[in-house]
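J.: Next comes run_3.cif, mmCIF, C-alpha atoms and all ligand atoms:
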data_query
loop_
_atom_site.label_atom_id
_atom_site.label_comp_id
_atom_site.auth_asym_id
_atom_site.auth_seq_id
_atom_site.Cartn_x
_atom_site.Cartn_y
_atom_site.Cartn_z
CA MET N 153 -14.71 -33.06 3.80
CA THR N 154 -17.67 -31.30 5.36
CA ASN N 155 -17.06 -29.74 8.73
CA ASP N 156 -17.97 -26.28 10.03
CA ASN N 157 -14.47 -25.24 11.10
CA PHE N 158 -12.99 -26.65 7.94
CA GLN N 159 -15.40 -24.66 5.77
CA LYS N 160 -14.98 -21.58 7.91
CA LEU N 161 -11.20 -21.64 7.46
CA ILE N 162 -11.57 -22.13 3.73
CA SER N 163 -13.75 -19.06 3.46
CA HIS N 164 -11.27 -17.08 5.57
CA PHE N 165 -8.35 -18.05 3.37
CA MET N 166 -10.33 -17.27 0.24
CA LYS N 167 -10.43 -13.64 1.37
CA PHE N 168 -6.63 -13.49 1.13
CA PRO N 169 -5.19 -11.73 -1.94
CA GLY N 170 -4.83 -14.08 -4.88
CA ILE N 171 -6.18 -17.17 -3.09
CA GLY N 172 -8.87 -19.31 -4.72
CA SER N 173 -10.92 -22.15 -3.24
CA ARG N 174 -8.42 -24.86 -4.23
CA GLN N 175 -5.48 -23.14 -2.58
CA ALA N 176 -7.63 -22.35 0.45
CA ARG N 177 -8.42 -26.06 0.85
CA ARG N 178 -4.72 -26.90 0.56
CA PHE N 179 -3.97 -24.44 3.37
CA VAL N 180 -6.55 -26.03 5.63
CA TYR N 181 -5.23 -29.55 4.93
CA HIS N 182 -1.76 -28.19 5.67
CA LEU N 183 -2.99 -26.99 9.06
CA LEU N 184 -4.40 -30.46 9.74
CA HIS N 185 -0.96 -31.93 9.15
CA GLN N 186 0.75 -29.47 11.48
CA ASP N 187 1.10 -30.25 15.16
CA GLU N 188 -1.19 -28.63 17.70
CA ALA N 189 1.49 -26.30 19.12
CA THR N 190 2.32 -24.80 15.72
CA ASN N 191 -1.35 -24.14 15.03
CA GLN N 192 -1.76 -22.57 18.49
CA ASP N 193 1.24 -20.37 17.80
CA LEU N 194 -0.23 -19.29 14.47
CA ALA N 195 -3.63 -18.61 16.02
CA SER N 196 -2.19 -16.44 18.79
CA ALA N 197 0.06 -14.53 16.36
CA ILE N 198 -3.05 -13.71 14.32
CA ALA N 199 -5.02 -12.77 17.43
CA ASP N 200 -2.28 -10.42 18.67
CA LEU N 201 -1.25 -8.95 15.34
CA LYS N 202 -3.22 -5.75 15.53
CA GLN N 203 -2.21 -5.07 19.11
CA SER N 204 1.45 -4.64 18.27
CA ILE N 205 0.97 -2.76 15.02
CA ASN N 206 -0.41 0.74 14.48
CA GLN N 207 -1.57 2.46 11.35
CA CYS N 208 0.09 5.83 10.81
CA LYS N 209 -2.40 8.68 10.97
CA GLN N 210 -0.54 10.55 8.25
CA CYS N 211 0.71 8.12 5.60
CA PHE N 212 -1.52 5.18 6.63
CA ARG N 213 1.25 2.61 6.56
CA PHE N 214 1.28 -0.05 9.23
CA PHE N 215 4.18 0.12 11.64
CA SER N 216 5.33 -1.86 14.63
CA SER N 217 4.68 -0.07 17.88
CA ARG N 218 4.05 -0.94 21.49
CA THR N 219 2.89 2.59 22.20
CA GLU N 220 -0.02 4.59 20.89
CA ALA N 221 2.25 6.73 18.68
CA PRO N 222 0.07 8.32 15.99
CA LEU N 223 2.84 8.77 13.41
CA CYS N 224 5.25 6.25 11.97
CA THR N 225 9.02 6.65 12.05
CA ILE N 226 9.15 7.81 8.41
CA CYS N 227 6.59 10.59 8.93
CA GLN N 228 8.33 11.60 12.17
CA ASP N 229 11.76 11.78 10.56
CA SER N 230 12.49 15.47 10.02
CA ASN N 231 15.51 14.58 7.87
CA ARG N 232 13.24 13.29 5.13
CA ASP N 233 12.57 15.57 2.20
CA GLN N 234 9.23 17.31 2.80
CA ARG N 235 9.20 18.54 -0.81
CA THR N 236 8.21 15.23 -2.38
CA LEU N 237 5.24 13.01 -1.62
CA LEU N 238 5.03 9.55 -3.16
CA LEU N 239 1.61 7.97 -3.56
CA VAL N 240 1.51 4.16 -3.48
CA GLU N 241 -1.28 1.62 -3.65
CA LYS N 242 -0.35 -0.54 -0.68
CA ASP N 243 2.09 -1.18 2.16
CA ILE N 244 4.10 -3.79 0.23
CA ASP N 245 4.83 -1.28 -2.55
CA LEU N 246 5.93 1.31 0.01
CA GLU N 247 8.17 -1.22 1.72
CA ASN N 248 9.70 -2.29 -1.57
CA ILE N 249 10.47 1.28 -2.62
CA HIS N 250 11.63 2.28 0.86
CA LYS N 251 14.16 -0.53 1.19
CA THR N 252 15.88 0.50 -2.07
CA ASP N 253 16.96 3.77 -0.39
CA THR N 254 16.40 5.62 -3.65
CA PHE N 255 13.60 7.87 -2.43
CA THR N 256 14.16 10.42 0.32
CA GLY N 257 10.74 12.07 0.58
CA LEU N 258 7.47 11.13 2.27
CA TYR N 259 4.86 8.53 1.40
CA PHE N 260 1.12 8.15 1.35
CA VAL N 261 -0.68 4.79 1.05
CA LEU N 262 -3.78 5.12 -1.13
CA GLY N 263 -5.21 1.85 0.14
CA GLY N 264 -6.18 0.51 -3.29
CA LEU N 265 -6.55 1.25 -6.98
CA VAL N 266 -9.48 2.57 -9.00
CA PRO N 267 -10.88 -0.11 -11.33
CA ILE N 268 -11.86 0.96 -14.83
CA LEU N 269 -15.50 2.14 -15.05
CA GLU N 270 -15.73 2.48 -11.25
CA LYS N 271 -18.70 4.75 -10.55
CA ASN N 272 -17.44 5.91 -7.18
CA PRO N 273 -13.62 6.15 -7.33
CA ALA N 274 -13.49 8.04 -4.03
CA SER N 275 -14.68 4.90 -2.25
CA ARG N 276 -11.68 2.92 -3.54
CA ILE N 277 -8.75 5.07 -2.42
CA ARG N 278 -8.03 7.56 0.39
CA ILE N 279 -8.49 10.55 -1.87
CA LYS N 280 -10.52 12.55 0.66
CA VAL N 281 -7.91 12.22 3.41
CA LEU N 282 -5.15 13.02 0.96
CA THR N 283 -6.91 16.13 -0.32
CA ASP N 284 -7.50 17.27 3.26
CA GLN N 285 -3.78 16.86 4.04
CA LEU N 286 -2.51 18.81 1.06
CA PRO N 287 -2.81 22.39 2.40
CA GLU N 288 -0.73 21.44 5.45
CA ARG N 289 1.81 19.60 3.31
CA ILE N 290 2.05 22.56 0.93
CA LYS N 291 2.69 24.83 3.89
CA GLY N 292 5.44 22.40 4.87
CA GLY N 293 7.17 22.91 1.52
CA LEU N 294 5.62 20.29 -0.77
CA GLN N 295 6.75 20.76 -4.37
CA GLU N 296 5.96 17.49 -6.10
CA VAL N 297 3.47 14.65 -5.82
CA ILE N 298 4.69 11.44 -7.45
CA ILE N 299 2.14 8.83 -8.44
CA ALA N 300 3.83 5.46 -7.96
CA VAL N 301 1.30 2.80 -8.89
CA SER N 302 1.82 -0.40 -10.88
CA ALA N 303 1.99 -0.16 -14.66
CA ASN N 304 -1.23 -1.96 -15.50
CA ALA N 305 -4.74 -0.91 -16.56
CA GLU N 306 -5.97 -0.24 -13.03
CA GLY N 307 -2.79 1.62 -12.19
CA ASP N 308 -3.14 3.83 -15.25
CA ASN N 309 -6.78 4.48 -14.45
CA THR N 310 -5.87 5.41 -10.87
CA ALA N 311 -3.13 7.77 -12.04
CA GLU N 312 -5.57 9.44 -14.40
CA TYR N 313 -8.14 9.87 -11.64
CA LEU N 314 -5.51 11.32 -9.28
CA ARG N 315 -4.35 13.80 -11.90
CA GLU N 316 -7.92 14.90 -12.59
CA THR N 317 -8.80 15.22 -8.94
CA LEU N 318 -5.62 16.72 -7.50
CA GLY N 319 -4.24 18.40 -10.62
CA PRO N 320 -6.12 21.72 -10.56
CA PHE N 321 -5.55 22.27 -6.83
CA LEU N 322 -1.87 21.37 -7.04
CA ALA N 323 -1.34 23.51 -10.12
CA LYS N 324 -2.71 26.51 -8.26
CA ALA N 325 -0.20 25.91 -5.49
CA GLU N 326 2.55 25.38 -8.08
CA VAL N 327 3.06 21.79 -6.97
CA LYS N 328 4.14 19.42 -9.72
CA ILE N 329 2.38 16.12 -10.25
CA SER N 330 4.33 13.29 -11.89
CA THR N 331 4.07 9.57 -12.59
CA LEU N 332 6.80 6.94 -12.38
CA GLY N 333 8.67 6.54 -15.67
CA ARG N 334 7.95 3.54 -17.83
CA GLY N 335 11.21 1.90 -16.93
CA LEU N 336 8.47 -0.09 -15.29
CA SER N 337 7.34 -1.92 -18.38
CA THR N 338 3.64 -2.54 -18.94
CA GLY N 339 2.16 -5.01 -16.52
CA THR N 340 4.92 -4.54 -13.97
CA GLU N 341 3.83 -4.79 -10.38
CA LEU N 342 5.75 -2.44 -8.08
CA GLU N 343 5.63 -5.16 -5.49
CA TYR N 344 8.01 -7.29 -7.57
CA SER N 345 10.28 -4.59 -8.98
CA ASP N 346 13.96 -4.60 -8.09
CA ARG N 347 16.11 -1.71 -6.91
CA ASP N 348 17.41 -0.71 -10.35
CA THR N 349 13.95 -0.71 -11.90
CA ILE N 350 12.59 1.45 -9.11
CA ARG N 351 15.51 3.84 -9.23
CA HIS N 352 15.16 4.12 -13.01
CA ALA N 353 11.40 4.69 -12.77
CA LEU N 354 11.88 7.41 -10.15
CA LYS N 355 14.59 9.13 -12.12
CA ASN N 356 12.57 9.06 -15.33
CA ARG N 357 9.27 10.20 -13.88
CA GLU N 358 7.18 12.25 -16.21
ZN ZN E 401 3.61 7.62 8.39
#
Show this structure as structure tokens.
T.:
Amino acid sequence: MTNDNFQKLISHFMKFPGIGSRQARRFVYHLLHQDEATNQDLASAIADLKQSINQCKQCFRFFSSRTEAPLCTICQDSNRDQRTLLLVEKDIDLENIHKTDTFTGLYFVLGGLVPILEKNPASRIRIKVLTDQLPERIKGGLQEVIIAVSANAEGDNTAEYLRETLGPFLAKAEVKISTLGRGLSTGTELEYSDRDTIRHALKNRE
């Protein structure tokens, strides 16, 4: 099939995480089989998505909001433990950890991982914003930064980079820096970890 819209949709779907050209084509054929109203509904949900969701100015997670609130409900919650800050790669990891109710502190979404041999790691994660936030967080009582990234090569590389970059500054302020315990076995994606695995990894952080 050669058609501009068809090709355009394929290239859009190919930008989705984990989607190759074959799957992208399957999605477009799926849309062709759906009725007009369902496709319209999908199109308008996509068009409106960003209008009903904000990105928190502090932890950078996306949250549902009809107002222009700058901070999400987690960052606004004064009952949460200000002494621990958990660094995650992406929103799905945060969500997965948050729903287990095993962590009571605050979060920060790094926005990615640092690939091995990356020449400019600072372009891959929100390290600058995080570094800028630290003095204020330390004043607020921060005692420990927990690196909670997936247990794979990129995750390890990211953890190493974070320790190198934040370590000296945090040490001076007597803030501990730790990594999730290897209850998360090698290759484990946080996104797919269950409650017990996450609780174990948090408890056995090192
Ligand atoms: Zn937040």
J.: Could you please determine the separation between atom CA of Gly170 of chain N and atom CA of Glu270 of chain N in Å, to one decimal place?
T.: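 That distance, rounded to one decimal, is 20.8 Å.
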J.: Need the shell around segment 353-356 of chain N: protein/DNA/RNA residues with any atom at most 12 Å away, counting only C-alpha atoms. Skip same-chain ones fewer than 4 positions apart. Format as a PyMOL selection string?
T.: chain N and resi 236+238+249+252-257+297-303+330-337+340+342+345-349
J.: Counting only C-alpha atoms and all ligand atoms, what are the residues, protein, DNA or RNA alike, that approach ligand ZN 401 (chain E) to within 8 Å? I want them as a list in words.
T.: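 So, counting only C-alpha atoms and all ligand atoms, the residues near ligand ZN 401 (chain E) are Gln207, Cys208, Lys209, Gln210, Cys211, Phe212, Arg213, Leu223, Cys224, Thr225, Ile226, Cys227, Gln228, Tyr259 and Phe260 of chain N.
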J.: Restricting the output to C-alpha atoms, write the selected residues as a CSV table (one decimal), in the frame of the given file.
T.:
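Result saved to again34.csv:
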chain,number,residue,atom,x,y,z
N,207,GLN,CA,-1.6,2.5,11.4
N,208,CYS,CA,0.1,5.8,10.8
N,209,LYS,CA,-2.4,8.7,11.0
N,210,GLN,CA,-0.5,10.6,8.2
N,211,CYS,CA,0.7,8.1,5.6
N,212,PHE,CA,-1.5,5.2,6.6
N,213,ARG,CA,1.2,2.6,6.6
N,223,LEU,CA,2.8,8.8,13.4
N,224,CYS,CA,5.2,6.2,12.0
N,225,THR,CA,9.0,6.6,12.0
N,226,ILE,CA,9.2,7.8,8.4
N,227,CYS,CA,6.6,10.6,8.9
N,228,GLN,CA,8.3,11.6,12.2
N,259,TYR,CA,4.9,8.5,1.4
N,260,PHE,CA,1.1,8.2,1.4
J.: With a distance cut-off of 7 Å and only C-alpha atoms, select the neighbouring residues of Glu241 of chain N, excluding the residue or stretch itself and same-chain residues fewer than 4 positions from it, and output the selection as a ChimeraX atom specification.
T.: /N:245,261-265,301
J.: To one decimal place in Å, what is the distance between atom CA of Leu269 of chain N and atom CA of Glu306 of chain N?
T.: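 A separation of 10.0 Å between them.
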J.: Tell me, as a ChimeraX atom specification, which residues lie within 7 Å of Arg177 of chain N, counting only C-alpha atoms; anything in the same chain fewer than 4 positions away does not count.
T.: /N:162,173,181
J.: Could you save those same residues with C-alpha atoms as a short mmCIF file (atom, residue, chain, number, x, y, z; two decimals), in the frame of the given file?
T.:
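Result file follows (selection02.cif):
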data_model
loop_
_atom_site.label_atom_id
_atom_site.label_comp_id
_atom_site.auth_asym_id
_atom_site.auth_seq_id
_atom_site.Cartn_x
_atom_site.Cartn_y
_atom_site.Cartn_z
CA ILE N 162 -11.57 -22.13 3.73
CA SER N 173 -10.92 -22.15 -3.24
CA TYR N 181 -5.23 -29.55 4.93
#
J.: How far is it from atom CA of Ile268 of chain N to atom CA of Gly319 of chain N, in Å with one decimal?
T.: 19.5 Å
J.: Measuring between all atoms listed in the file, which one of N:Ala221, N:Leu286, N:Val180, N:Leu258 shows the shortest distance to Leu246 of chain N?
T.: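 Closest candidate: N:Leu258.
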J.: Of the candidates N:Val266, N:Lys291, N:His250, N:Ile329, which shows the shortest atom-to-atom distance to Ala305 of chain N, using only C-alpha atoms?
T.: N:Val266
J.: List every protein, DNA or RNA residue with an atom no more than 10 Å from (9.6, 22.0, -3.9) in the file's coordinates, counting only C-alpha atoms, and format the result as a list in words.
T.: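 Protein and nucleic acid residues near the point are Asp233, Gln234, Arg235, Thr236, Ile290, Gly292, Gly293, Leu294, Gln295, Glu296, Val297, Glu326, Val327 and Lys328 of chain N.
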J.: Output the selection as a compact mmCIF listing (two decimals), in the coordinates of the input - C-alpha atoms for each residue.
T.:
# COMPACT_ATOMS: atom_id res chain seq x y z
CA ASP N 233 12.57 15.57 2.20
CA GLN N 234 9.23 17.31 2.80
CA ARG N 235 9.20 18.54 -0.81
CA THR N 236 8.21 15.23 -2.38
CA ILE N 290 2.05 22.56 0.93
CA GLY N 292 5.44 22.40 4.87
CA GLY N 293 7.17 22.91 1.52
CA LEU N 294 5.62 20.29 -0.77
CA GLN N 295 6.75 20.76 -4.37
CA GLU N 296 5.96 17.49 -6.10
CA VAL N 297 3.47 14.65 -5.82
CA GLU N 326 2.55 25.38 -8.08
CA VAL N 327 3.06 21.79 -6.97
CA LYS N 328 4.14 19.42 -9.72
